[in-house]
file structure.txt (compact mmCIF, C-alpha atoms)
# COMPACT_ATOMS: atom_id res chain seq x y z
CA MET A 95 -47.50 70.69 34.34
CA ALA A 96 -45.24 68.29 36.32
CA ARG A 97 -47.33 65.42 35.07
CA ASN A 98 -46.71 66.47 31.46
CA ARG A 99 -42.93 66.75 32.06
CA GLY A 100 -42.85 63.25 33.55
CA HIS A 101 -44.74 61.85 30.60
CA SER A 102 -42.30 63.56 28.20
CA VAL A 103 -39.28 62.08 30.00
CA PHE A 104 -40.85 58.61 29.78
CA LEU A 105 -41.42 59.00 26.07
CA LEU A 106 -37.82 60.14 25.54
CA LEU A 107 -36.45 57.14 27.47
CA LEU A 108 -38.70 54.77 25.53
CA ALA A 109 -37.56 56.23 22.22
CA ALA A 110 -33.89 55.98 23.27
CA SER A 111 -34.35 52.33 24.24
CA ILE A 112 -35.99 51.45 20.93
CA LEU A 113 -33.22 53.28 19.05
CA ALA A 114 -30.54 51.45 21.00
CA LEU A 115 -32.15 48.06 20.30
CA ALA A 116 -32.28 48.92 16.62
CA PHE A 117 -28.51 49.23 16.51
CA LEU A 118 -27.73 46.02 18.45
CA PRO A 119 -26.23 43.27 16.24
CA ASN A 120 -28.41 40.30 15.48
CA PRO A 121 -27.47 37.10 17.38
CA VAL A 122 -24.78 35.24 15.40
CA GLU A 123 -25.83 31.84 14.18
CA PRO A 124 -23.18 29.11 14.59
CA LEU A 125 -21.16 28.81 11.38
CA THR A 126 -20.64 25.04 11.59
CA GLY A 127 -23.55 22.61 11.29
CA VAL A 128 -24.71 21.30 14.65
CA THR A 129 -24.31 17.63 13.72
CA ASP A 130 -20.77 18.27 12.48
CA VAL A 131 -19.84 19.89 15.80
CA GLN A 132 -21.31 16.89 17.63
CA ALA A 133 -19.17 14.56 15.53
CA LEU A 134 -15.96 16.53 16.16
CA ARG A 135 -16.70 16.62 19.89
CA ALA A 136 -17.34 12.85 19.94
CA ILE A 137 -14.07 12.17 18.06
CA LYS A 138 -12.08 14.09 20.66
CA GLU A 139 -13.95 12.60 23.61
CA SER A 140 -13.26 9.06 22.30
CA ILE A 141 -9.50 9.60 22.70
CA ASP A 142 -7.56 9.00 25.92
CA PRO A 143 -6.86 12.56 27.18
CA VAL A 144 -3.37 11.49 28.26
CA THR A 145 -2.43 11.07 24.59
CA ILE A 146 -3.66 14.55 23.63
CA THR A 147 -0.49 16.53 24.24
CA PRO A 148 -0.28 20.37 24.17
CA THR A 149 1.47 20.31 20.79
CA SER A 150 -1.07 18.00 19.12
CA PHE A 151 -3.83 18.95 16.73
CA LEU A 152 -6.62 17.62 18.98
CA TYR A 153 -5.43 19.84 21.82
CA SER A 154 -6.39 22.84 19.68
CA TRP A 155 -10.00 21.65 19.33
CA ASP A 156 -11.65 24.21 21.66
CA PHE A 157 -15.43 23.91 21.53
CA ASN A 158 -15.89 27.36 23.08
CA VAL A 159 -15.34 28.64 19.55
CA ASP A 160 -16.90 27.62 16.25
CA PRO A 161 -14.84 24.91 14.48
CA CYS A 162 -15.18 26.57 11.06
CA ASP A 163 -14.81 30.15 12.31
CA SER A 164 -11.73 29.99 14.48
CA SER A 165 -8.15 31.09 14.21
CA GLY A 166 -5.52 28.81 15.70
CA SER A 167 -8.12 26.26 16.79
CA PHE A 168 -9.26 22.99 15.22
CA LEU A 169 -6.00 22.17 13.51
CA GLY A 170 -6.46 19.39 10.98
CA VAL A 171 -10.02 20.42 10.13
CA LEU A 172 -11.10 21.99 6.82
CA CYS A 173 -14.56 23.37 6.16
CA SER A 174 -16.69 24.43 3.24
CA PHE A 175 -18.05 27.99 3.14
CA PRO A 176 -21.30 28.11 1.15
CA LEU A 177 -22.19 31.33 -0.67
CA ASP A 178 -25.72 31.19 0.69
CA ASN A 179 -26.65 31.37 4.38
CA SER A 180 -26.42 27.61 4.97
CA SER A 181 -24.08 26.19 7.60
CA SER A 182 -20.45 25.40 6.90
CA ARG A 183 -19.64 21.70 6.73
CA VAL A 184 -16.50 19.78 7.68
CA ILE A 185 -14.95 18.45 4.45
CA ALA A 186 -11.57 17.15 5.67
CA ILE A 187 -10.00 15.77 8.83
CA GLY A 188 -6.26 15.19 8.78
CA LEU A 189 -4.88 14.42 12.22
CA ASP A 190 -1.19 14.54 13.07
CA ASP A 191 0.67 11.36 14.09
CA ALA A 192 0.63 12.22 17.80
CA GLY A 193 -0.15 8.66 18.93
CA TYR A 194 -3.80 9.29 19.80
CA ASP A 195 -5.13 6.24 21.64
CA GLY A 196 -8.85 5.55 21.45
CA PHE A 197 -11.78 4.64 19.23
CA LEU A 198 -13.29 6.23 16.15
CA SER A 199 -16.72 7.43 17.25
CA PRO A 200 -19.75 6.20 15.25
CA LEU A 201 -20.75 9.86 15.04
CA ILE A 202 -18.14 10.13 12.28
CA GLY A 203 -21.16 9.28 10.12
CA ASN A 204 -22.57 12.77 10.83
CA LEU A 205 -19.89 14.29 8.60
CA THR A 206 -21.81 13.62 5.41
CA GLU A 207 -19.79 16.16 3.39
CA LEU A 208 -16.41 14.71 4.43
CA VAL A 209 -14.04 14.30 1.48
CA THR A 210 -10.82 13.27 3.29
CA LEU A 211 -10.32 11.28 6.50
CA ASP A 212 -6.66 10.85 7.46
CA LEU A 213 -5.85 9.22 10.82
CA THR A 214 -2.50 7.76 9.78
CA ARG A 215 0.09 6.63 12.37
CA ASN A 216 -1.92 6.72 15.58
CA LYS A 217 -3.47 4.16 17.92
CA PHE A 218 -7.10 4.10 16.95
CA ARG A 219 -8.47 0.71 17.96
CA GLY A 220 -11.65 -1.32 17.68
CA PRO A 221 -13.76 -1.75 14.55
CA LEU A 222 -14.21 0.76 11.77
CA PRO A 223 -17.76 2.08 12.43
CA GLU A 224 -20.51 0.95 10.07
CA SER A 225 -21.65 4.58 10.06
CA ILE A 226 -18.98 5.35 7.47
CA ILE A 227 -21.69 4.29 5.04
CA ASN A 228 -22.95 7.87 5.36
CA LEU A 229 -19.70 9.39 4.09
CA ARG A 230 -20.86 9.35 0.47
CA GLN A 231 -18.57 12.26 -0.54
CA LEU A 232 -15.41 10.57 0.76
CA THR A 233 -12.55 10.29 -1.75
CA LYS A 234 -9.65 9.48 0.63
CA LEU A 235 -9.77 7.03 3.54
CA LEU A 236 -6.29 6.94 5.09
CA ILE A 237 -6.15 5.00 8.36
CA SER A 238 -2.88 3.07 8.06
CA GLU A 239 -0.60 2.28 10.99
CA ASN A 240 -3.28 2.10 13.67
CA LEU A 241 -4.78 -0.72 15.73
CA PHE A 242 -8.15 -1.18 14.03
CA THR A 243 -9.65 -4.67 14.37
CA GLY A 244 -12.58 -6.65 13.05
CA GLN A 245 -13.67 -7.02 9.47
CA ILE A 246 -13.48 -4.38 6.77
CA PRO A 247 -17.14 -3.31 6.84
CA ASP A 248 -19.25 -3.86 3.72
CA ALA A 249 -20.27 -0.23 4.18
CA ILE A 250 -17.02 0.74 2.48
CA THR A 251 -18.45 -0.57 -0.81
CA LYS A 252 -21.10 2.19 -0.70
CA LEU A 253 -18.50 4.96 -0.91
CA LYS A 254 -18.71 5.25 -4.69
CA LEU A 255 -16.47 8.36 -4.91
CA LEU A 256 -13.59 6.72 -3.04
CA GLN A 257 -10.30 7.16 -4.89
CA GLU A 258 -7.73 6.15 -2.28
CA ALA A 259 -8.12 3.61 0.53
CA ASP A 260 -5.13 2.82 2.74
CA LEU A 261 -6.00 0.42 5.58
CA SER A 262 -2.51 -1.07 5.90
CA TYR A 263 -0.69 -1.95 9.11
CA ASN A 264 -3.76 -2.62 11.23
CA HIS A 265 -5.35 -5.81 12.57
CA PHE A 266 -8.26 -6.22 10.17
CA SER A 267 -9.38 -9.82 9.75
CA GLY A 268 -11.91 -11.70 7.67
CA SER A 269 -12.15 -11.47 3.91
CA VAL A 270 -11.82 -8.60 1.49
CA PRO A 271 -15.40 -7.42 0.76
CA ALA A 272 -16.61 -9.24 -2.36
CA LYS A 273 -18.29 -6.12 -3.76
CA ILE A 274 -15.24 -3.89 -3.45
CA ALA A 275 -14.95 -3.96 -7.24
CA VAL A 276 -17.96 -1.62 -7.47
CA LEU A 277 -15.72 1.25 -6.35
CA ARG A 278 -14.99 2.31 -9.92
CA SER A 279 -13.23 5.55 -8.89
CA LEU A 280 -10.63 3.72 -6.82
CA ASN A 281 -7.05 4.50 -7.81
CA ARG A 282 -5.09 3.09 -4.84
CA LEU A 283 -6.09 0.14 -2.64
CA ILE A 284 -3.61 -0.66 0.13
CA LEU A 285 -4.57 -3.51 2.49
CA SER A 286 -1.13 -4.84 3.42
CA ASN A 287 0.03 -6.00 6.84
CA ASN A 288 -3.27 -7.08 8.32
CA ALA A 289 -4.75 -10.51 9.13
CA LEU A 290 -7.05 -10.76 6.13
CA SER A 291 -7.90 -14.27 4.94
CA GLY A 292 -9.94 -16.03 2.28
CA ARG A 293 -9.77 -15.58 -1.48
CA LEU A 294 -9.12 -12.26 -3.14
CA PRO A 295 -12.22 -11.36 -5.19
CA ASP A 296 -12.24 -10.53 -8.88
CA LEU A 297 -10.93 -6.96 -9.07
CA SER A 298 -10.97 -6.50 -12.83
CA GLY A 299 -13.85 -4.03 -12.54
CA LEU A 300 -11.59 -1.50 -10.79
CA TRP A 301 -10.50 -0.17 -14.16
CA GLN A 302 -8.88 2.99 -12.73
CA LEU A 303 -6.83 1.14 -10.09
CA SER A 304 -3.10 1.77 -10.51
CA ALA A 305 -1.76 0.51 -7.16
CA LEU A 306 -2.79 -2.67 -5.31
CA ASP A 307 -1.03 -3.94 -2.19
CA VAL A 308 -2.40 -6.95 -0.31
CA SER A 309 0.96 -8.21 0.95
CA SER A 310 1.52 -9.71 4.41
CA ASN A 311 -1.91 -11.23 5.00
CA ASN A 312 -3.29 -14.77 4.97
CA LEU A 313 -4.97 -14.66 1.56
CA TYR A 314 -5.08 -17.91 -0.39
CA GLY A 315 -6.31 -19.44 -3.64
CA ASN A 316 -5.48 -18.53 -7.20
CA ILE A 317 -4.53 -15.04 -8.30
CA PRO A 318 -7.83 -13.52 -9.50
CA ARG A 319 -8.50 -11.35 -12.53
CA LEU A 320 -6.86 -7.99 -12.00
CA PRO A 321 -7.33 -4.45 -13.36
CA LEU A 322 -5.46 -3.84 -16.61
CA ASN A 323 -4.25 -0.38 -15.57
CA LEU A 324 -2.25 -1.59 -12.57
CA LYS A 325 1.23 -0.11 -12.28
CA THR A 326 2.29 -1.60 -8.94
CA LEU A 327 1.16 -4.98 -7.62
CA PHE A 328 2.29 -6.33 -4.25
CA MET A 329 0.95 -9.75 -3.20
CA SER A 330 3.91 -11.09 -1.19
CA HIS A 331 3.74 -12.99 2.11
CA ASN A 332 0.41 -14.72 1.55
CA VAL A 333 -0.65 -18.26 0.59
CA PHE A 334 -1.58 -17.74 -3.06
CA SER A 335 -1.24 -20.89 -5.15
CA GLY A 336 -1.61 -21.95 -8.76
CA HIS A 337 0.01 -20.19 -11.69
CA VAL A 338 1.25 -16.64 -12.13
CA SER A 339 -0.39 -16.39 -15.56
CA PRO A 340 -3.14 -13.87 -14.60
CA VAL A 341 -0.55 -11.11 -14.40
CA LYS A 342 0.70 -11.60 -17.96
CA HIS A 343 -1.97 -9.23 -19.28
CA LEU A 344 -0.88 -6.26 -17.11
CA GLN A 345 1.07 -4.38 -19.74
CA LYS A 346 1.29 -1.15 -17.68
CA LEU A 347 2.83 -2.87 -14.66
CA LEU A 348 6.05 -1.34 -13.33
CA VAL A 349 6.59 -3.39 -10.16
CA LEU A 350 5.41 -6.95 -9.48
CA ASP A 351 6.06 -8.72 -6.17
CA VAL A 352 4.45 -12.13 -5.61
CA SER A 353 7.21 -13.44 -3.35
CA ASP A 354 6.67 -15.81 -0.41
CA ASN A 355 3.58 -17.63 -1.65
CA ARG A 356 2.89 -21.13 -3.01
CA LEU A 357 2.81 -20.34 -6.71
CA SER A 358 4.04 -23.12 -8.96
CA GLY A 359 4.69 -24.13 -12.54
CA ARG A 360 6.74 -22.00 -14.90
CA VAL A 361 7.74 -18.35 -14.71
CA LEU A 362 6.25 -17.42 -18.06
CA GLN A 363 8.00 -15.52 -20.80
CA GLN A 364 4.96 -13.21 -20.96
CA VAL A 365 5.64 -12.23 -17.34
CA LEU A 366 9.41 -11.88 -17.73
CA THR A 367 8.93 -9.64 -20.75
CA LEU A 368 6.08 -7.41 -19.59
CA SER A 369 7.02 -4.29 -21.49
CA SER A 370 6.94 -1.81 -18.59
CA VAL A 371 8.07 -3.92 -15.63
CA VAL A 372 11.21 -2.63 -13.92
CA ARG A 373 11.27 -4.87 -10.84
CA LEU A 374 10.04 -8.48 -10.70
CA ASN A 375 10.11 -10.59 -7.53
CA VAL A 376 8.89 -14.21 -7.73
CA SER A 377 11.13 -15.52 -4.93
CA ARG A 378 10.17 -18.03 -2.21
CA ASN A 379 7.57 -19.91 -4.22
CA HIS A 380 7.41 -23.38 -5.83
CA PHE A 381 8.31 -22.48 -9.40
CA THR A 382 10.15 -25.30 -11.21
CA ALA A 383 11.18 -23.64 -14.46
CA MET A 384 11.74 -20.30 -16.14
CA ASP A 385 10.74 -19.86 -19.75
CA PRO A 386 13.45 -18.95 -22.25
CA ILE A 387 12.95 -15.55 -23.83
CA ASP A 388 12.43 -15.20 -27.55
CA PHE A 389 13.96 -11.78 -28.09
CA PRO A 390 13.06 -10.72 -31.65
CA GLY A 391 10.62 -7.81 -31.40
CA ILE A 392 10.61 -7.81 -27.58
CA GLU A 393 11.66 -4.67 -25.71
CA THR A 394 11.81 -4.83 -21.93
CA HIS A 395 12.71 -2.45 -19.12
CA LEU A 396 13.38 -5.11 -16.49
CA GLN A 397 16.19 -4.04 -14.13
CA SER A 398 15.81 -6.45 -11.20
CA LEU A 399 14.78 -10.12 -11.25
CA ASP A 400 14.59 -12.08 -8.00
CA ALA A 401 13.68 -15.77 -8.25
CA ASN A 402 15.59 -17.09 -5.24
CA ASP A 403 14.34 -19.94 -3.05
CA ASN A 404 12.20 -21.78 -5.58
CA GLN A 405 12.56 -25.24 -7.12
CA LEU A 406 14.09 -24.15 -10.42
CA ARG A 407 15.89 -26.97 -12.21
CA GLY A 408 17.96 -27.31 -15.33
CA HIS A 409 20.64 -24.94 -16.61
CA LEU A 410 20.90 -21.21 -16.01
CA PRO A 411 18.72 -19.37 -18.56
CA VAL A 412 21.21 -17.96 -21.07
CA THR A 413 18.58 -15.61 -22.50
CA LEU A 414 18.52 -13.57 -19.28
CA ALA A 415 21.84 -12.13 -20.40
CA GLY A 416 19.99 -10.60 -23.34
CA LEU A 417 17.87 -8.33 -21.10
CA GLU A 418 19.64 -5.07 -21.85
CA ASN A 419 18.47 -3.15 -18.78
CA LEU A 420 18.95 -5.92 -16.21
CA THR A 421 21.31 -4.92 -13.38
CA ALA A 422 20.37 -7.34 -10.57
CA LEU A 423 19.77 -11.10 -10.83
CA ASP A 424 19.11 -13.48 -7.94
CA LEU A 425 18.64 -17.20 -8.74
CA SER A 426 20.09 -18.46 -5.45
CA HIS A 427 18.67 -21.34 -3.38
CA ASN A 428 17.37 -23.44 -6.27
CA TYR A 429 18.41 -26.72 -7.96
CA LEU A 430 20.13 -25.23 -11.01
CA SER A 431 22.97 -27.23 -12.52
CA GLY A 432 25.46 -27.10 -15.38
CA SER A 433 28.06 -24.42 -15.95
CA ILE A 434 27.73 -20.66 -15.70
CA PRO A 435 27.26 -19.36 -19.26
CA ARG A 436 30.03 -17.20 -20.63
CA GLU A 437 27.31 -14.67 -21.52
CA TYR A 438 26.89 -14.09 -17.77
CA GLY A 439 30.56 -13.26 -17.46
CA ALA A 440 30.27 -10.68 -20.22
CA LYS A 441 27.65 -8.83 -18.16
CA VAL A 442 29.85 -8.30 -15.08
CA GLY A 443 29.70 -4.61 -14.23
CA LYS A 444 28.14 -3.77 -17.58
CA PRO A 445 25.40 -3.52 -16.59
CA TRP A 446 25.10 -6.31 -13.98
CA LYS A 447 25.85 -4.98 -10.49
CA TYR A 448 24.34 -7.81 -8.43
CA LEU A 449 24.55 -11.54 -9.19
CA TYR A 450 23.48 -14.18 -6.66
CA LEU A 451 23.78 -17.81 -7.83
CA ASN A 452 24.72 -19.35 -4.50
CA ASP A 453 23.14 -22.53 -3.07
CA ASN A 454 22.59 -24.34 -6.35
CA PHE A 455 24.45 -27.25 -7.98
CA LEU A 456 26.39 -25.33 -10.62
CA GLN A 457 29.64 -26.92 -11.76
CA GLY A 458 32.71 -26.35 -13.88
CA ASN A 459 34.99 -23.34 -14.27
CA LEU A 460 33.98 -19.73 -13.88
CA PRO A 461 33.81 -17.36 -16.83
CA PRO A 462 37.05 -15.32 -16.66
CA GLN A 463 35.25 -12.06 -15.87
CA LEU A 464 33.63 -13.56 -12.76
CA ALA A 465 36.91 -15.05 -11.58
CA ALA A 466 38.59 -11.66 -11.91
CA ALA A 467 35.73 -9.55 -10.57
CA GLY A 468 36.76 -7.12 -7.87
CA GLY A 469 34.66 -5.55 -5.16
CA GLY A 470 33.61 -2.52 -7.17
CA GLU A 471 32.38 -4.33 -10.29
CA ILE A 472 29.73 -6.69 -9.00
CA ARG A 473 28.29 -7.87 -5.71
CA GLY A 474 26.86 -11.29 -5.07
CA SER A 475 27.78 -14.87 -4.30
CA LEU A 476 28.62 -18.15 -6.03
CA ALA A 477 29.10 -20.05 -2.77
CA ASN A 478 27.68 -23.48 -1.95
CA ASN A 479 27.71 -24.87 -5.47
CA CYS A 480 29.86 -27.54 -7.13
CA LEU A 481 32.10 -25.09 -8.96
CA ARG A 482 35.85 -25.09 -9.36
CA CYS A 483 35.99 -21.88 -7.48
CA SER A 484 38.85 -20.92 -5.16
CA SER A 485 37.88 -19.30 -1.88
CA ASN A 486 40.30 -16.46 -2.58
CA ILE A 487 37.92 -15.34 -5.34
CA ARG A 488 35.62 -12.86 -3.68
CA LEU A 489 32.37 -14.24 -5.15
CA CYS A 490 33.32 -17.75 -4.01
CA ARG A 491 33.81 -16.93 -0.35
CA GLY A 492 31.89 -19.36 1.82
CA GLY A 493 33.18 -22.42 -0.01
CA GLN A 494 31.52 -25.03 -2.20
CA ARG A 495 29.44 -28.10 -1.43
CA PRO A 496 31.26 -31.30 -0.46
CA HIS A 497 32.20 -33.45 -3.46
CA ALA A 498 30.05 -36.33 -2.18
CA VAL A 499 26.94 -34.11 -2.08
CA CYS A 500 27.54 -32.92 -5.64
CA THR A 501 28.05 -36.48 -6.88
CA ALA A 502 24.91 -37.73 -5.15
CA GLN A 503 22.85 -34.93 -6.65
CA ARG A 504 24.12 -35.64 -10.16
CA ARG A 505 23.07 -39.29 -9.77
CA ARG A 506 19.53 -38.20 -8.84
CA TRP A 507 19.28 -36.29 -12.13
call {"tool": "encode", "arguments": {"input": "structure.txt", "output": "structure tokens"}}
result
Amino acid sequence: MARNRGHSVFLLLLAASILALAFLPNPVEPLTGVTDVQALRAIKESIDPVTITPTSFLYSWDFNVDPCDSSGSFLGVLCSFPLDNSSSRVIAIGLDDAGYDGFLSPLIGNLTELVTLDLTRNKFRGPLPESIINLRQLTKLLISENLFTGQIPDAITKLKLLQEADLSYNHFSGSVPAKIAVLRSLNRLILSNNALSGRLPDLSGLWQLSALDVSSNNLYGNIPRLPLNLKTLFMSHNVFSGHVSPVKHLQKLLVLDVSDNRLSGRVLQQVLTLSSVVRLNVSRNHFTAMDPIDFPGIETHLQSLDANDNQLRGHLPVTLAGLENLTALDLSHNYLSGSIPREYGAKVGKPWKYLYLNDNFLQGNLPPQLAAAGGGEIRGSLANNCLRCSSNIRLCRGGQRPHAVCTAQRRRW
């Protein structure tokens, strides 16, 4: 009898254990893909811990919790959440500008579903890993204002979905990848303030590109063929030479800056009258002449023209006074001669607000409006010319050239 009771108790305990196990939750699978977690961990471990402050995004990356299933952790990380049972993937990393000092781990290539990578305004150093070739879903690569070095890897030309690439304010060297024009989705390409050299490749294939900035590098050679849909073009502070004519076809251009290069020849009418251009800067080049503008049928929106510090010769272009929207004109530091046209005087304050004609060889009397201009009507300078221009006239402050210098220059002409 006792034996039967013992057997019954055993059976009851066994049944209770099985029932209890039936109600235990299944082990939870990690939400984030394993390789993505490895990449995130490597990114954090590649940063000097001293620069990861308690208020920074990286400080919140706690690998005791799942990156895609955490609240208050992994700031700057966005994930996808598939409807099936597959793992979540990291689709965006946007770090704060906390001054993180370190390297970008090659394991960044694990994040094959990454759409956005934004490391702006930190201290990432070393080369951009070749493993970015794996980021085939990437549309935004924003790594400006860091300390990256080395060449722009050719791997970037494999990122066919890339729409925005900002690599400015780093220390990249070497040439711009020749095949970068295969990135047909590219809308913004910003490579300014690096140490890039060589010739800029033909970019006309980037038909969706609206913004191009290659300023402040060491690029040389002629201006190449450019995309027709460009709206802003910055090429200043390089060593470009030849003519400015390739830009005359850019009818959608709003801002053009080719200052501080070695461009020469004439500033073409087709450039001066680009229908959409608002601001045009051709200063600090070797231009020798500026085309007159044939106004019939031409409508322009040009508001600011800067052609200072060239080698412009001849008389001041009278037709510039016919640009109805022009408010700022700088022709200083050239070799312009003759008198100031009365048409310039008529533009004082209506609408011209800025007029710089200093450091030329202009001569004769001032138009009455310029002689009478007060401080609130127009700002600028007529100094260092050969004008009959009293120093008590505000625009003439700084004096004129010595008579002997003016006479000698006239003899050379």
call {"tool": "closest_atom_pairs", "arguments": {"input": "structure.txt", "of": "segment 332-451 of chain A", "to": "segment 323-326 of chain A", "cutoff": "8 Å", "atoms": "only C-alpha atoms", "output": "tab-separated table"}}
result
residue	atom	partner	partner_atom	distance
A:Leu344	CA	A:Leu324	CA	6.7
A:Gln345	CA	A:Asn323	CA	7.9
A:Lys346	CA	A:Lys325	CA	5.5
A:Leu347	CA	A:Lys325	CA	4.0
A:Leu348	CA	A:Lys325	CA	5.1
A:Val349	CA	A:Thr326	CA	4.8
A:Leu350	CA	A:Thr326	CA	6.2
call {"tool": "write_last_selection", "arguments": {"input": "structure.txt", "atoms": "C-alpha atoms", "output": "PDB file, keeping the file's coordinate frame"}}
result
ATOM      1  CA  LEU A 344      -0.880  -6.260 -17.110  1.00  0.00           C
ATOM      2  CA  GLN A 345       1.070  -4.380 -19.740  1.00  0.00           C
ATOM      3  CA  LYS A 346       1.290  -1.150 -17.680  1.00  0.00           C
ATOM      4  CA  LEU A 347       2.830  -2.870 -14.660  1.00  0.00           C
ATOM      5  CA  LEU A 348       6.050  -1.340 -13.330  1.00  0.00           C
ATOM      6  CA  VAL A 349       6.590  -3.390 -10.160  1.00  0.00           C
ATOM      7  CA  LEU A 350       5.410  -6.950  -9.480  1.00  0.00           C
TER       8      LEU A 350
END
call {"tool": "residues_around", "arguments": {"input": "structure.txt", "residues": "Trp446 of chain A", "least_positions_apart": "4", "cutoff": "7 Å", "atoms": "only C-alpha atoms", "output": "list in words"}}
result
Leu420, Thr421, Ala422, Lys441, Val442 and Ile472 of chain A
call {"tool": "residues_near_point", "arguments": {"input": "structure.txt", "point": "(-15.5, 17.3, 1.3)", "cutoff": "8 Å", "atoms": "all atoms listed in the file", "output": "ChimeraX atom specification"}}
result
/A:173-174,184-186,207-210,231-232
call {"tool": "closest_atom_pairs", "arguments": {"input": "structure.txt", "of": "segment 241-272 of chain A", "to": "segment 194-206 of chain A", "cutoff": "12 Å", "atoms": "all atoms listed in the file", "output": "tab-separated table"}}
result
residue	atom	partner	partner_atom	distance
A:Leu241	CA	A:Asp195	CA	9.1
A:Phe242	CA	A:Phe197	CA	8.6
A:Thr243	CA	A:Phe197	CA	10.7
A:Ala249	CA	A:Gly203	CA	11.2
A:Leu253	CA	A:Thr206	CA	11.2
call {"tool": "closest_residue", "arguments": {"input": "structure.txt", "among": "A:Gln457, A:Gln397, A:Ser238, A:Asn355", "to": "Ile284 of chain A", "atoms": "all atoms listed in the file"}}
result
A:Ser238
call {"tool": "residues_around", "arguments": {"input": "structure.txt", "residues": "Lys447 of chain A", "least_positions_apart": "3", "cutoff": "12 Å", "atoms": "only C-alpha atoms", "output": "VMD selection string"}}
result
chain A and resid 397 to 398 419 to 424 438 to 439 441 to 444 450 464 467 to 475
call {"tool": "residues_around", "arguments": {"input": "structure.txt", "residues": "segment 479-493 of chain A", "least_positions_apart": "2", "cutoff": "7 Å", "atoms": "all atoms listed in the file", "output": "number ranges by chain"}}
result
A: 452-459, 465, 474-477, 495, 500
call {"tool": "atom_distance", "arguments": {"input": "structure.txt", "atom1": "atom CA of Glu139 of chain A", "atom2": "atom CA of Leu235 of chain A"}}
result
21.2 Å
call {"tool": "atom_distance", "arguments": {"input": "structure.txt", "atom1": "atom CA of Ile392 of chain A", "atom2": "atom CA of His337 of chain A"}}
result
22.8 Å
call {"tool": "closest_residue", "arguments": {"input": "structure.txt", "among": "A:Thr126, A:Asp212, A:Pro496, A:Ala133", "to": "Phe175 of chain A", "atoms": "only C-alpha atoms"}}
result
A:Thr126
call {"tool": "residues_around", "arguments": {"input": "structure.txt", "residues": "Asn332 of chain A", "least_positions_apart": "2", "cutoff": "8 Å", "atoms": "only C-alpha atoms", "output": "list in words"}}
result
Ser309, Ser310, Asn311, Asn312, Leu313, Tyr314, Met329, Ser330, Phe334, Asp354 and Asn355 of chain A
call {"tool": "residues_near_point", "arguments": {"input": "structure.txt", "point": "(-6.0, 5.8, 6.8)", "cutoff": "9 Å", "atoms": "all atoms listed in the file", "output": "number ranges by chain"}}
result
A: 211-215, 234-240, 259-262
call {"tool": "residues_around", "arguments": {"input": "structure.txt", "residues": "Arg135 of chain A", "least_positions_apart": "4", "cutoff": "10 Å", "atoms": "only C-alpha atoms", "output": "PyMOL selection string"}}
result
chain A and resi 129-131+139-140+155-157+199+201
call {"tool": "atom_distance", "arguments": {"input": "structure.txt", "atom1": "atom CA of Met384 of chain A", "atom2": "atom CA of Pro411 of chain A"}}
result
7.4 Å
